[in-house]
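Shown next, in structure tokens, is the structure this report addresses.
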Amino acid sequence: EPDYPAAAATVTAGLRRGDGVVYAGTARPPRLGMTYELRDGPRPADVLLTQTPAQVGSFGGRECLNPLPCLGNRSRIWLVSTSYSNDPWSDMPHEKAAVLRSLFVVTEAKRFQRIQVYLLQRKGQRQRPNR
């Protein structure tokens with residue numbers, strides 16, 4: 001299984017007010033595992049989620065058809081992926097990947113067993129170290 005506790009600990013340690021999270025991975029959709037691991041504390045907003053997994057009866061839930069307005073003006077997004085690739089944009093719909101890639105740059109990448117966590121910073125904004 002993916003190491004959800006390690007991925008959640010990474011997000012929690014670097015979390016800032018206003019952060020969002022997006023998910024990638026079809027073989028093992030990470031949304032439910034991460035939601036469970038982040039259940040007791042502050043967590044980033046699941047910015048693309050329009051219907052929860054429970055509402056639609058699937059592990060992934062339902063996401064915005066057009067991701068651009070759902071991202072809003074957030075300056076940081078956590079991308080959690082269970083893709084088997086080291087490419088953060090893989091194993092997600094093309095439109096979602098294209099929008100994220102056009103707006104954000106990967107500033108951190110952490111790999112754990114069967115799960116990766118990427119911190120995305122909006123392009124053109126000054127990057128501050130995590131605290």
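To be explicit about the labels: the chains of the structure tokens are called A, B, and onward in the order shown, and within each one the residues are counted from 1, while ligands get numbers from 1 in the order they are shown.
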
As a PyMOL selection string, which residues of stretch 4-131 of chain A does DSSP assign to alpha helix (DSSP H)? chain A and resi 4-14+31-37+53-56+67-71+94-103

Just the residues within 12 Å of stretch 44-46 of chain A, please, counting only C-alpha atoms, with nothing from its chain fewer than 4 positions along; format it as a PyMOL selection string. chain A and resi 8+11-23+30-32+34-35+38-39+50-52+60-64+67+70-72+74+76-80+119

Distance query stretch 103-113 of chain A at most 6 Å, only C-alpha atoms, self and fewer than 6 positions along chain excluded, as a list in words: Pro2, Asp3, Leu119, Leu120, Gln121, Arg122 and Lys123 of chain A

Looking at A:Asp87, A:His94, A:Gln55, A:Val99, which one is nearest to A:Tyr118, with distances taken over only C-alpha atoms?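 Among the listed residues, A:Asp87 lies closest to A:Tyr118.
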
Expected answer as an MDAnalysis selection string: strand (DSSP E) residues in stretch 4-122 of chain A: chainID A and resid 20:24 45:46 49:51 62:63 76:81 104:112 115:122

Can you measure atom CA of A:Arg114 to atom CA of A:Ala6 for me? One decimal in Å is fine.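 Computed distance, atom CA of A:Arg114 to atom CA of A:Ala6, equals 10.9 Å.
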
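Distances here use only C-alpha atoms; by that measure, the residue among A:Val117, A:Tyr36, A:Ala27, A:Asn73 closest to A:Trp89 is A:Val117.
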
Could you check how far atom CA of A:Ala9 sits from atom CA of A:Glu37, in Å to one decimal?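 According to the coordinates, atom CA of A:Ala9 and atom CA of A:Glu37 are separated by 8.5 Å.
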
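Each of A:Ser58, A:Thr82, A:Thr10, A:Asn66 was compared to A:Ala97 using only C-alpha atoms, and A:Asn66 turns out to be the nearest.
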
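The shortest atom-to-atom distance to A:Leu48, with only C-alpha atoms taken into account, belongs to A:Pro69 out of A:Pro88, A:Pro69, A:Gly25, A:Pro5.
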
Residue among A:Met92, A:Tyr4, A:Gly124, A:Arg101 lying closest to A:Gly33, counting only C-alpha atoms: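 The answer is A:Tyr4, which sits nearest to A:Gly33.
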